[in-house]
Structures are given as structure tokens and as C-alpha cells.
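Q: Quick one, start-v6.tsv (TSV, C-alpha atoms):
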```tsv
chain	number	residue	atom	x	y	z
Z	496	MET	CA	254.07	340.65	-49.45
Z	497	PHE	CA	252.34	344.06	-49.38
Z	498	ARG	CA	253.37	344.68	-52.98
Z	499	ARG	CA	251.76	341.40	-54.17
Z	500	PHE	CA	248.56	342.31	-52.31
Z	501	VAL	CA	248.35	345.70	-54.10
Z	502	VAL	CA	248.85	344.05	-57.51
Z	503	LEU	CA	246.06	341.56	-56.76
Z	504	LEU	CA	243.66	344.36	-55.80
Z	505	LEU	CA	244.41	346.21	-59.05
Z	506	VAL	CA	243.62	343.06	-61.08
Z	507	VAL	CA	240.29	342.60	-59.28
Z	508	PHE	CA	239.27	346.25	-59.80
Z	509	MET	CA	240.14	346.08	-63.49
Z	510	ALA	CA	238.07	342.90	-63.96
Z	511	VAL	CA	235.03	344.39	-62.19
Z	512	GLY	CA	235.33	347.53	-64.31
Z	513	ALA	CA	235.43	345.51	-67.50
Z	514	VAL	CA	232.30	343.60	-66.54
Z	515	GLY	CA	230.52	346.83	-65.69
Z	516	CYS	CA	231.41	348.37	-69.07
Z	517	ALA	CA	230.24	345.27	-70.90
Z	518	GLN	CA	226.93	345.33	-69.07
Z	519	GLN	CA	226.41	349.03	-69.90
Z	520	ALA	CA	227.24	348.41	-73.59
Z	521	THR	CA	224.59	345.72	-73.88
Z	522	PRO	CA	221.07	347.14	-74.36
Z	523	PRO	CA	218.45	345.75	-71.99
Z	524	LYS	CA	216.54	342.76	-73.36
Z	525	LYS	CA	212.80	342.87	-73.81
Z	526	GLU	CA	211.10	340.66	-71.32
Z	527	GLU	CA	209.87	337.55	-73.11
Z	528	PRO	CA	206.44	336.18	-72.25
Z	529	LYS	CA	206.68	333.32	-69.81
Z	530	THR	CA	206.17	329.89	-71.33
Z	531	THR	CA	206.14	326.40	-69.94
Z	532	PRO	CA	209.50	324.71	-70.78
Z	533	THR	CA	209.27	321.82	-73.24
Z	534	PRO	CA	210.35	318.56	-71.57
Z	535	ALA	CA	213.19	316.59	-73.16
Z	536	PRO	CA	211.85	313.84	-75.45
Z	537	SER	CA	211.57	310.45	-73.82
Z	538	ALA	CA	213.96	307.70	-74.96
Z	539	LYS	CA	210.90	305.63	-75.77
Z	540	GLN	CA	208.05	307.54	-77.33
Z	541	ALA	CA	204.57	306.85	-76.09
Z	542	GLY	CA	202.58	304.61	-78.39
Z	543	THR	CA	205.65	303.01	-79.97
Z	544	THR	CA	206.13	299.24	-79.77
Z	545	TYR	CA	209.75	298.18	-79.29
Z	546	ILE	CA	210.80	294.66	-80.25
Z	547	THR	CA	214.34	293.32	-79.90
Z	548	ILE	CA	215.15	290.14	-81.82
Z	549	GLY	CA	217.92	287.83	-80.64
Z	550	THR	CA	219.81	286.05	-83.42
Z	551	ALA	CA	223.36	284.59	-83.33
Z	552	ALA	CA	226.78	285.49	-84.75
Z	553	VAL	CA	226.73	287.96	-87.64
Z	554	GLY	CA	228.25	285.44	-90.06
Z	555	GLY	CA	225.52	282.83	-89.60
Z	556	VAL	CA	221.96	282.47	-90.92
Z	557	PHE	CA	220.10	283.60	-87.76
Z	558	TYR	CA	221.32	287.20	-88.06
Z	559	PRO	CA	220.12	287.97	-91.63
Z	560	VAL	CA	216.82	286.22	-90.87
Z	561	GLY	CA	216.38	288.46	-87.83
Z	562	MET	CA	217.23	291.52	-89.92
Z	563	ALA	CA	214.64	290.53	-92.54
Z	564	MET	CA	211.97	290.11	-89.84
Z	565	ALA	CA	212.77	293.50	-88.31
Z	566	LYS	CA	212.43	295.21	-91.70
Z	567	ILE	CA	209.08	293.54	-92.43
Z	568	TRP	CA	207.64	294.52	-89.06
Z	569	ASN	CA	209.01	298.07	-89.18
Z	570	ASP	CA	207.62	298.60	-92.69
Z	571	LYS	CA	204.21	297.05	-92.07
Z	572	ILE	CA	203.28	297.70	-88.44
Z	573	PRO	CA	202.57	301.34	-87.47
Z	574	ASN	CA	204.77	302.69	-84.65
Z	575	MET	CA	206.88	299.54	-84.58
Z	576	LYS	CA	210.59	299.80	-83.76
Z	577	ALA	CA	212.11	296.33	-84.23
Z	578	VAL	CA	215.84	295.68	-84.18
Z	579	ALA	CA	217.85	292.47	-84.59
Z	580	ILE	CA	220.93	292.02	-82.42
Z	581	ALA	CA	223.83	289.57	-82.65
Z	582	THR	CA	224.06	287.08	-79.77
Z	583	ALA	CA	225.84	283.84	-78.88
Z	584	GLY	CA	222.91	281.86	-80.28
Z	585	SER	CA	219.93	279.90	-78.96
Z	586	PRO	CA	220.95	279.41	-75.29
Z	587	GLN	CA	221.71	283.12	-74.86
Z	588	ASN	CA	218.51	284.04	-76.69
Z	589	ILE	CA	216.54	281.95	-74.21
Z	590	GLU	CA	218.31	283.57	-71.26
Z	591	MET	CA	217.66	287.05	-72.67
Z	592	MET	CA	213.98	286.24	-73.14
Z	593	ARG	CA	213.90	284.94	-69.57
Z	594	THR	CA	215.28	288.25	-68.28
Z	595	LYS	CA	213.01	290.18	-70.69
Z	596	ASP	CA	215.95	291.82	-72.45
Z	597	ILE	CA	214.53	290.64	-75.76
Z	598	GLU	CA	211.00	289.74	-76.82
Z	599	VAL	CA	211.60	287.54	-79.87
Z	600	SER	CA	214.41	285.31	-81.14
Z	601	VAL	CA	215.47	283.02	-83.94
Z	602	LEU	CA	215.76	279.72	-82.11
Z	603	ARG	CA	216.65	276.09	-82.52
Z	604	SER	CA	213.44	274.40	-81.40
Z	605	LEU	CA	215.42	271.64	-79.66
Z	606	GLU	CA	216.88	274.28	-77.33
Z	607	GLY	CA	213.40	275.65	-76.73
Z	608	TYR	CA	212.15	272.14	-75.92
Z	609	ARG	CA	214.96	271.65	-73.39
Z	610	ALA	CA	214.28	275.03	-71.77
Z	611	ILE	CA	210.53	274.45	-71.47
Z	612	ARG	CA	211.24	271.16	-69.68
Z	613	GLY	CA	214.12	272.49	-67.58
Z	614	GLU	CA	216.56	269.97	-69.05
Z	615	ASP	CA	220.33	270.44	-68.93
Z	616	PRO	CA	221.77	273.06	-69.29
Z	617	TYR	CA	218.63	274.95	-68.20
Z	618	LYS	CA	218.18	275.13	-64.43
Z	619	GLU	CA	214.46	275.91	-64.41
Z	620	LYS	CA	211.39	275.15	-66.48
Z	621	MET	CA	210.36	277.94	-68.86
Z	622	PRO	CA	206.76	277.24	-69.89
Z	623	TRP	CA	206.36	280.85	-71.08
Z	624	LEU	CA	208.51	280.08	-74.14
Z	625	LYS	CA	206.33	279.84	-77.26
Z	626	SER	CA	206.70	279.50	-81.01
Z	627	LEU	CA	205.62	282.41	-83.19
Z	628	THR	CA	206.03	280.48	-86.46
Z	629	GLY	CA	206.16	277.01	-87.89
Z	630	PRO	CA	209.49	275.63	-89.16
Z	631	LEU	CA	211.87	277.99	-90.92
Z	632	TYR	CA	214.26	275.26	-92.08
Z	633	SER	CA	215.92	272.03	-90.96
Z	634	SER	CA	219.63	271.32	-90.88
Z	635	GLY	CA	222.10	268.58	-90.02
Z	636	GLN	CA	225.18	268.28	-87.85
Z	637	GLN	CA	228.37	269.04	-89.75
Z	638	ILE	CA	231.66	267.50	-88.62
Z	639	VAL	CA	234.89	268.27	-90.46
Z	640	ALA	CA	238.43	266.90	-90.11
Z	641	LEU	CA	241.78	267.54	-91.76
Z	642	LYS	CA	242.51	265.00	-94.49
Z	643	ASN	CA	246.19	264.67	-93.61
Z	644	LYS	CA	245.41	263.49	-90.04
Z	645	ASN	CA	243.94	260.16	-91.17
Z	646	ILE	CA	240.66	260.80	-89.35
Z	647	LYS	CA	237.84	258.65	-90.77
Z	648	SER	CA	235.38	258.70	-87.87
Z	649	VAL	CA	234.40	260.84	-84.89
Z	650	ALA	CA	235.98	258.07	-82.79
Z	651	ASP	CA	239.34	259.06	-84.32
Z	652	PHE	CA	239.14	262.45	-82.61
Z	653	LYS	CA	240.43	260.85	-79.40
Z	654	GLY	CA	243.48	262.78	-78.24
Z	655	ARG	CA	242.97	265.42	-80.93
Z	656	LYS	CA	242.29	269.17	-80.88
Z	657	VAL	CA	238.68	269.77	-81.91
Z	658	ALA	CA	236.70	273.02	-82.07
Z	659	VAL	CA	233.37	272.55	-80.29
Z	660	GLY	CA	231.85	276.04	-80.21
Z	661	PRO	CA	231.71	278.67	-77.46
Z	662	VAL	CA	231.15	277.35	-73.92
Z	663	GLY	CA	227.46	276.79	-73.27
Z	664	SER	CA	226.38	277.47	-76.87
Z	665	GLY	CA	223.92	275.19	-78.62
Z	666	GLY	CA	226.75	273.88	-80.79
Z	667	GLU	CA	228.87	273.03	-77.77
Z	668	ILE	CA	225.97	271.20	-76.13
Z	669	ASP	CA	225.56	269.17	-79.32
Z	670	ALA	CA	229.29	268.45	-79.43
Z	671	ARG	CA	229.23	267.04	-75.89
Z	672	ALA	CA	226.28	264.82	-76.78
Z	673	LEU	CA	228.00	263.63	-79.96
Z	674	PHE	CA	231.24	262.68	-78.20
Z	675	ASP	CA	229.28	260.98	-75.45
Z	676	ALA	CA	227.54	258.87	-78.12
Z	677	TYR	CA	231.00	257.68	-79.19
Z	678	GLY	CA	232.12	257.01	-75.61
Z	679	LEU	CA	234.35	260.09	-75.56
Z	680	ALA	CA	234.24	263.05	-73.21
Z	681	TYR	CA	235.96	266.27	-72.28
Z	682	SER	CA	235.65	267.54	-68.74
Z	683	ALA	CA	237.76	268.29	-65.67
Z	684	GLU	CA	237.85	264.57	-64.91
Z	685	LYS	CA	238.20	263.17	-68.42
Z	686	LYS	CA	240.00	264.56	-71.45
Z	687	ASP	CA	239.46	262.20	-74.38
Z	688	ILE	CA	239.75	265.19	-76.72
Z	689	LYS	CA	241.30	268.64	-76.47
Z	690	PRO	CA	238.41	271.07	-76.95
Z	691	GLU	CA	238.79	274.51	-78.49
Z	692	TYR	CA	235.90	276.77	-77.47
Z	693	VAL	CA	235.71	279.01	-80.53
Z	694	GLU	CA	233.06	280.32	-82.92
Z	695	ALA	CA	232.59	278.48	-86.21
Z	696	ALA	CA	234.28	281.23	-88.25
Z	697	GLN	CA	237.39	281.05	-86.07
Z	698	ALA	CA	237.33	277.25	-86.20
Z	699	VAL	CA	237.39	277.41	-90.01
Z	700	GLU	CA	240.45	279.69	-89.88
Z	701	MET	CA	242.19	277.38	-87.42
Z	702	LEU	CA	241.53	274.37	-89.65
Z	703	ASN	CA	242.90	276.26	-92.62
Z	704	ASP	CA	246.06	277.01	-90.65
Z	705	GLY	CA	246.37	273.45	-89.30
Z	706	LEU	CA	245.99	274.60	-85.68
Z	707	ILE	CA	243.24	272.07	-84.90
Z	708	ASP	CA	242.46	268.60	-86.22
Z	709	GLY	CA	238.71	268.90	-86.61
Z	710	ALA	CA	235.57	270.82	-85.71
Z	711	ILE	CA	231.89	270.39	-84.91
Z	712	LEU	CA	230.50	273.33	-86.85
Z	713	GLY	CA	227.20	274.78	-85.69
Z	714	LEU	CA	226.40	276.22	-89.12
Z	715	THR	CA	223.52	275.54	-91.47
Z	716	ILE	CA	223.91	273.29	-94.50
Z	717	GLY	CA	225.58	275.09	-97.37
Z	718	ALA	CA	227.17	277.78	-95.16
Z	719	SER	CA	229.65	279.92	-97.09
Z	720	ALA	CA	232.37	279.38	-94.46
Z	721	ILE	CA	232.24	275.62	-95.07
Z	722	GLN	CA	232.05	276.18	-98.83
Z	723	GLU	CA	235.33	278.08	-98.69
Z	724	LEU	CA	236.93	275.50	-96.40
Z	725	MET	CA	235.93	272.57	-98.60
Z	726	LEU	CA	237.22	274.43	-101.65
Z	727	THR	CA	240.75	274.19	-100.24
Z	728	GLY	CA	240.61	270.37	-100.39
Z	729	LYS	CA	242.15	270.19	-96.90
Z	730	VAL	CA	239.15	268.72	-95.08
Z	731	ILE	CA	236.53	266.00	-95.28
Z	732	LEU	CA	233.03	265.76	-93.82
Z	733	LEU	CA	232.53	262.93	-91.34
Z	734	PRO	CA	229.37	260.82	-90.96
Z	735	ILE	CA	227.69	259.68	-87.75
Z	736	ASP	CA	227.51	255.88	-87.68
Z	737	ASP	CA	224.36	253.93	-86.83
Z	738	LYS	CA	225.47	252.90	-83.33
Z	739	ALA	CA	226.35	256.44	-82.31
Z	740	PHE	CA	223.13	257.78	-83.81
Z	741	ALA	CA	221.13	255.23	-81.79
Z	742	ASN	CA	222.91	256.47	-78.66
Z	743	LEU	CA	222.07	260.06	-79.55
Z	744	LYS	CA	218.43	259.28	-80.29
Z	745	ALA	CA	218.02	257.38	-77.00
Z	746	LYS	CA	218.56	260.69	-75.18
Z	747	GLN	CA	217.12	262.99	-77.83
Z	748	PRO	CA	214.14	261.18	-79.39
Z	749	PHE	CA	213.36	264.04	-81.79
Z	750	LEU	CA	216.60	263.63	-83.72
Z	751	THR	CA	216.33	262.31	-87.27
Z	752	ARG	CA	218.73	261.06	-89.90
Z	753	PHE	CA	219.94	263.79	-92.27
Z	754	THR	CA	221.93	263.40	-95.48
Z	755	ILE	CA	224.29	266.09	-96.71
Z	756	LYS	CA	224.02	265.21	-100.38
Z	757	LYS	CA	227.13	264.97	-102.51
Z	758	GLY	CA	227.86	268.16	-104.36
Z	759	THR	CA	226.55	270.31	-101.54
Z	760	TYR	CA	230.14	271.53	-101.14
Z	761	PRO	CA	233.19	271.70	-103.43
Z	762	ASN	CA	235.27	268.49	-103.43
Z	763	GLN	CA	232.39	266.57	-101.83
Z	764	ASP	CA	231.72	263.65	-104.19
Z	765	TYR	CA	230.09	261.55	-101.47
Z	766	ASP	CA	226.90	261.60	-99.38
Z	767	VAL	CA	227.35	262.26	-95.65
Z	768	ILE	CA	224.79	260.64	-93.34
Z	769	THR	CA	224.61	262.60	-90.13
Z	770	SER	CA	221.94	263.62	-87.58
Z	771	GLY	CA	219.24	266.22	-88.08
Z	772	SER	CA	217.71	268.37	-85.35
Z	773	PRO	CA	214.14	269.63	-85.09
Z	774	PRO	CA	213.72	272.78	-87.19
Z	775	THR	CA	214.67	276.34	-86.42
Z	776	ILE	CA	211.70	278.55	-85.54
Z	777	ILE	CA	210.89	282.06	-84.35
Z	778	ALA	CA	210.22	282.10	-80.60
Z	779	CYS	CA	208.68	284.67	-78.29
Z	780	ARG	CA	207.47	285.12	-74.75
Z	781	GLU	CA	203.95	284.07	-73.85
Z	782	ASP	CA	203.19	287.57	-72.55
Z	783	LEU	CA	203.64	289.11	-76.00
Z	784	PRO	CA	200.12	290.58	-76.59
Z	785	GLU	CA	197.98	288.21	-78.65
Z	786	ALA	CA	196.88	290.83	-81.17
Z	787	LEU	CA	200.48	291.89	-81.77
Z	788	ALA	CA	201.75	288.29	-82.03
Z	789	TYR	CA	198.97	287.55	-84.54
Z	790	GLN	CA	200.01	290.53	-86.68
Z	791	MET	CA	203.73	289.68	-86.48
Z	792	CYS	CA	203.14	286.04	-87.44
Z	793	LYS	CA	200.75	286.99	-90.25
Z	794	LEU	CA	203.22	289.45	-91.79
Z	795	LEU	CA	206.07	286.93	-91.90
Z	796	TYR	CA	203.94	284.53	-93.93
Z	797	GLU	CA	202.56	287.32	-96.13
Z	798	ASN	CA	206.13	288.33	-96.97
Z	799	VAL	CA	207.72	284.92	-97.58
Z	800	PRO	CA	209.84	286.20	-100.54
Z	801	ASP	CA	211.55	288.69	-98.23
Z	802	MET	CA	212.22	285.95	-95.68
Z	803	LYS	CA	213.63	283.63	-98.37
Z	804	ALA	CA	215.88	286.41	-99.65
Z	805	ALA	CA	217.64	286.50	-96.26
Z	806	ALA	CA	219.34	283.11	-96.81
Z	807	SER	CA	219.11	280.34	-99.39
Z	808	ILE	CA	218.24	277.73	-96.76
Z	809	MET	CA	215.03	279.69	-96.09
Z	810	ASN	CA	213.65	278.40	-99.41
Z	811	ASP	CA	211.86	275.72	-97.37
Z	812	PHE	CA	209.88	278.31	-95.36
Z	813	LYS	CA	206.17	277.98	-96.11
Z	814	LEU	CA	202.83	278.33	-94.34
Z	815	GLU	CA	201.70	274.72	-94.90
Z	816	ASP	CA	204.50	273.38	-92.67
Z	817	ALA	CA	203.00	275.16	-89.66
Z	818	GLY	CA	200.44	272.38	-89.52
Z	819	GLN	CA	203.09	269.74	-88.88
Z	820	GLU	CA	203.68	268.42	-85.39
Z	821	GLN	CA	206.41	270.34	-83.61
Z	822	ILE	CA	208.04	270.16	-80.19
Z	823	MET	CA	207.30	273.71	-79.03
Z	824	PRO	CA	203.77	275.02	-78.39
Z	825	TYR	CA	202.50	277.96	-80.43
Z	826	HIS	CA	201.74	281.40	-79.05
Z	827	ALA	CA	198.00	282.19	-78.92
Z	828	GLY	CA	198.44	284.86	-81.61
Z	829	ALA	CA	200.06	282.36	-83.98
Z	830	ILE	CA	197.30	279.82	-83.29
Z	831	LYS	CA	194.70	282.43	-84.20
Z	832	TYR	CA	196.39	283.10	-87.54
Z	833	PHE	CA	196.94	279.43	-88.40
Z	834	LYS	CA	193.29	278.64	-87.60
Z	835	GLU	CA	192.20	281.55	-89.75
Z	836	LYS	CA	194.21	280.10	-92.66
Z	837	GLY	CA	192.90	276.56	-92.06
Z	838	ILE	CA	196.38	275.22	-91.25
Z	839	ILE	CA	195.40	273.90	-87.82
Z	840	LYS	CA	191.99	273.13	-86.33
```
How would this structure read if it were set down as C-alpha cells?

A:
Amino acid sequence: MFRRFVVLLLVVFMAVGAVGCAQQATPPKKEEPKTTPTPAPSAKQAGTTYITIGTAAVGGVFYPVGMAMAKIWNDKIPNMKAVAIATAGSPQNIEMMRTKDIEVSVLRSLEGYRAIRGEDPYKEKMPWLKSLTGPLYSSGQQIVALKNKNIKSVADFKGRKVAVGPVGSGGEIDARALFDAYGLAYSAEKKDIKPEYVEAAQAVEMLNDGLIDGAILGLTIGASAIQELMLTGKVILLPIDDKAFANLKAKQPFLTRFTIKKGTYPNQDYDVITSGSPPTIIACREDLPEALAYQMCKLLYENVPDMKAAASIMNDFKLEDAGQEQIMPYHAGAIKYFKEKGIIK
């Protein structure tokens, strides 16, 4: 024990000696003049405007449109930092605007209408939800089924596996309404169909592999995923018949008839009469400063070619359509711009 203690003391003395030698070998530093330390830069620089844009899945149209908007605003508005993020789509965008996690979103105006009124699935009224633009584009509901399953109508989906979109997404809400219009349902109490809660891209893969019988695809007309699926010749597009459409319109008066014209997709030598929703728009919170909202709206319409380049369906985007009646009220900044251009009185 004593021997170990002596060894330990020797180690300590040697270490102290080494430190002392090192200190003597180092020449004394000149005393630097005292300065006030520079604080670490803030995560958000003063004077910078941060805008987060909610879109949808990366493979859809919302995301590239959001990216195009962010680039326009970043390039044209001093001290602007805008970024587009992928989300689960319109319902999540509304929730994120409610919690102030995002300021702006690409939005189906029908979802905005429901949220403003507090209609299902929204549990409270959201009158602060406003439109920053007029219509971007309109689209129709697209329903596909495997040819080899002898499915000719949505009614034939009874007992089948059908992709309906992620739970609570705008597409899934539309799917429930569509099946209800045909007297079908899927719930804990009633299982007329076997729902698969998957994104459109996954639904396309599952159809290709024969894992499901059909799908309600929440994609815009002409979507590349449907182009590729139709090219295989494995699927057909289904119409919505007049009786079912009347049932849909009774609960959603803003729905219109929409025709997917033959030739829109490969192997589609027939027109498909389906339902059309109110147009997609850009939405924002009412508390977005009026001067900023005015500038953001103005720049989107002054850079229409850049917006159209984001997706082919954006070819319909034009200033004149902002004067049409729509189901969501405009933000004060947008109203100011549209009045200035003589679009609205």
C-alpha cells in the first residue's frame, strides 16, 4: 500500500514540474485592450421578413408552385426569406396557419371555405383565413380502377380495396363524400369498402402491382403519376353519374361538372365526366400586414411566366380571373392591388 502511495506522489510531482516548465518556456503575452464581446448572431436577423409557405407532397403540383412563389418573393422583396415546405396538403396547411407555424399556403379553396365556416372536419370557425390571389387553376376528381376487376362504376367498389388518401387529408375527405353519394361508407360501424390510407404516389404503385382494386387520386389533371399509370393499360378512369353528382352537390353547392377530355392520358380514348371543385388559390392569415400582402400579391401577377413554369396546369393563371366570384374572401392587401388594376370595384 505504502509503495503505491509513493509511486502516485512521484507521478503528481512530475506532472506539476512539466506544467511549470511549459509555463516558463512560454513568453508572457501582451495585454490586449479590453473590448466588448460581439454577441452571437440571432437566428432571425432584425429587419428580415420570414415567410413559410405550406404546400403538399413533393410529387404534386402544390410544392413546385410554392417553390416558384418563394423564389419570386426572395428575388423581388428586400430582406425577404421565404421558404416552401412539403406538407400533407390543404387540411394540414390550414392547421399550421391556425397555429401560426406558417403564414401562407397553396390551398384548395373548398377546404378554406369549410374552415372559415367551421364545417367538418374543422372544429372551429376560422374567419382569419383569407385569399391572397384569385384562382390558380381548377381540377376534377380522378377515380381509377383496374381493368381486369370488371369495375365500371364507383358503385362497383363495394367490397373492394380502394386507396383514399392519408387520413384527414383533403383527398380522403372527398373520397368519403363520394362514397356517401353512392350509398357506400367506410367506418368503424360500416365497411362497404376496404380503404387504404396512402398517398397518391403509393396508390399508383399499389395499382401497378395489383395490391388494390382502385383509387381516388387527389392529383391535378394531367399529373405525371397518372400519365405513367395509364400508359400501362392496366387501369381505366371512372365517371361520376348524374344521381351521385346530384347527391354531392346537395351537400357541396359549389361543385361543378368537369370533363377529363379524351386524350388527356395515354390509352384514354373517351371523355370522363366527373366533378370539379372550386379552384386552388394562395391563402394567408388576415394578420399578414396589408402593405406586405399587397406587395406579395402584386409580384405573383407581375411574374406570371414564372408561376406558369412551375406546372403546366398553371397555364390558366391570370389576373382577370381575380374578378370572378369566389368562395373565400380576399385579404385587404389583395383587394388593394385588384382595385388598383381595375379588376374589382

Q: Which neighbours of region 682-698 of chain Z fall inside 8 Å, counting only C-alpha atoms, when residues of the same chain fewer than 3 positions from it are skipped, and could you give them as a list in words?

A: Gly554, Phe652, Lys653, Gly654, Arg655, Lys656, Val657, Ala658, Val659, Gly660, Pro661, Val662, Glu667, Leu679, Met701, Leu702, Ile707, Ala710, Leu712, Gly713, Leu714 and Ala720 of chain Z

Q: Could you please give me, as a PyMOL selection string, the residues of protein, DNA or RNA lying at most 12 Å from (195.6, 288.9, -79.4) in the coordinate frame of the file, considering all atoms listed in the file?

A: chain Z and resi 781-792+826-832

Q: Those same residues, written as a compact mmCIF listing (two decimals), in the frame of the given file with C-alpha atoms?

A:
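Saved as part-v1.txt:
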```
# COMPACT_ATOMS: atom_id res chain seq x y z
CA GLU Z 781 203.95 284.07 -73.85
CA ASP Z 782 203.19 287.57 -72.55
CA LEU Z 783 203.64 289.11 -76.00
CA PRO Z 784 200.12 290.58 -76.59
CA GLU Z 785 197.98 288.21 -78.65
CA ALA Z 786 196.88 290.83 -81.17
CA LEU Z 787 200.48 291.89 -81.77
CA ALA Z 788 201.75 288.29 -82.03
CA TYR Z 789 198.97 287.55 -84.54
CA GLN Z 790 200.01 290.53 -86.68
CA MET Z 791 203.73 289.68 -86.48
CA CYS Z 792 203.14 286.04 -87.44
CA HIS Z 826 201.74 281.40 -79.05
CA ALA Z 827 198.00 282.19 -78.92
CA GLY Z 828 198.44 284.86 -81.61
CA ALA Z 829 200.06 282.36 -83.98
CA ILE Z 830 197.30 279.82 -83.29
CA LYS Z 831 194.70 282.43 -84.20
CA TYR Z 832 196.39 283.10 -87.54
```

Q: What does the distance from CA of Arg780 (chain Z) to CA of Gln747 (chain Z) come to in Å, to one decimal?

A: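 Pair CA of Arg780 (chain Z) / CA of Gln747 (chain Z) returns 24.3 Å.
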
Q: Quick check, in Å to one decimal: how far apart do CA of Lys644 (chain Z) and CA of Asn742 (chain Z) lie?

A: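 If I compute the distance from CA of Lys644 (chain Z) to CA of Asn742 (chain Z), I get 26.2 Å.
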
Q: Would you mind telling me which residue in Z:Gly629, Z:Gly758, Z:Pro616, Z:Gly561 lies nearest to Ser604 (chain Z) when using all atoms listed in the file?

A: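 Checking each of Z:Gly629, Z:Gly758, Z:Pro616, Z:Gly561 against Ser604 (chain Z), counting all atoms listed in the file, the winner is Z:Gly629.
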
Q: Determine the nearest neighbour of Ala563 (chain Z) from the options Z:Gly665, Z:Gly728, Z:Gly709, Z:Pro800, counting all atoms listed in the file.

A: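 Among the listed residues, Z:Pro800 lies closest to Ala563 (chain Z).
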
Q: Could you check which residues have any atom within 8 Å of (231.2, 265.0, -90.2), counting all atoms listed in the file with coordinates taken straight from the file, and then list them as a list in words?

A: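 Applying the cut-off with all atoms listed in the file, one gets Gln636, Gln637, Ile638, Val639, Ala640, Ser648, Val649, Ile711, Ile731, Leu732, Leu733, Pro734, Ile735, Val767 and Thr769 of chain Z.
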
Q: Using CA of Leu794 (chain Z) and CA of Lys566 (chain Z) as the two end points, give the distance in Å to one decimal.

A: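 So the answer is 10.9 Å.
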
Q: So which one's closest to Leu795 (chain Z), Z:Ile646, Z:Ile777, Z:Glu835, Z:Glu723? Using all atoms listed in the file, please.

A: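 Between Z:Ile646, Z:Ile777, Z:Glu835, Z:Glu723, the residue approaching Leu795 (chain Z) most closely is Z:Ile777.
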
Q: Which residues come within 9 Å of Leu724 (chain Z), counting only C-alpha atoms, excluding same-chain residues fewer than 2 positions away, as an MDAnalysis selection string?

A: chainID Z and resid 699:700 702:703 719:722 726:730 761

Q: Taking into account only C-alpha atoms, which residue in the set Z:Val560, Z:Ala551, Z:Ile567, Z:Met823 is nearest to Tyr608 (chain Z)?

A: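 The shortest atom-to-atom distance to Tyr608 (chain Z) comes from Z:Met823.
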
Q: Let me make sure I understand: among Z:Arg593, Z:Lys647, Z:Lys620, Z:Lys744, which one has the smallest atom-to-atom distance to Ala676 (chain Z) if we use all atoms listed in the file?

A: Z:Lys744

Q: Name the closest residue to Lys803 (chain Z) among the candidates Z:Trp623, Z:Tyr632, Z:Tyr765, Z:Phe749; distances are taken between atoms, counting all atoms listed in the file.

A: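 Among the listed residues, the smallest separation from Lys803 (chain Z) belongs to Z:Tyr632.
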
Q: Any idea what's packed within 12 Å of Ile589 (chain Z), counting only C-alpha atoms, ignoring anything in its chain fewer than 4 positions away? Could you give it as number ranges by chain?

A: Z: 548-551, 582-585, 593-611, 613, 616-617, 619-625, 664-665, 777-780

Q: Can you list, as an MDAnalysis selection string, every protein, DNA or RNA residue that comes within 10 Å of Ala817 (chain Z) when you count only C-alpha atoms, leaving out same-chain residues fewer than 3 positions away?

A: chainID Z and resid 628:631 812:814 820:821 825 829:830 833 838:839
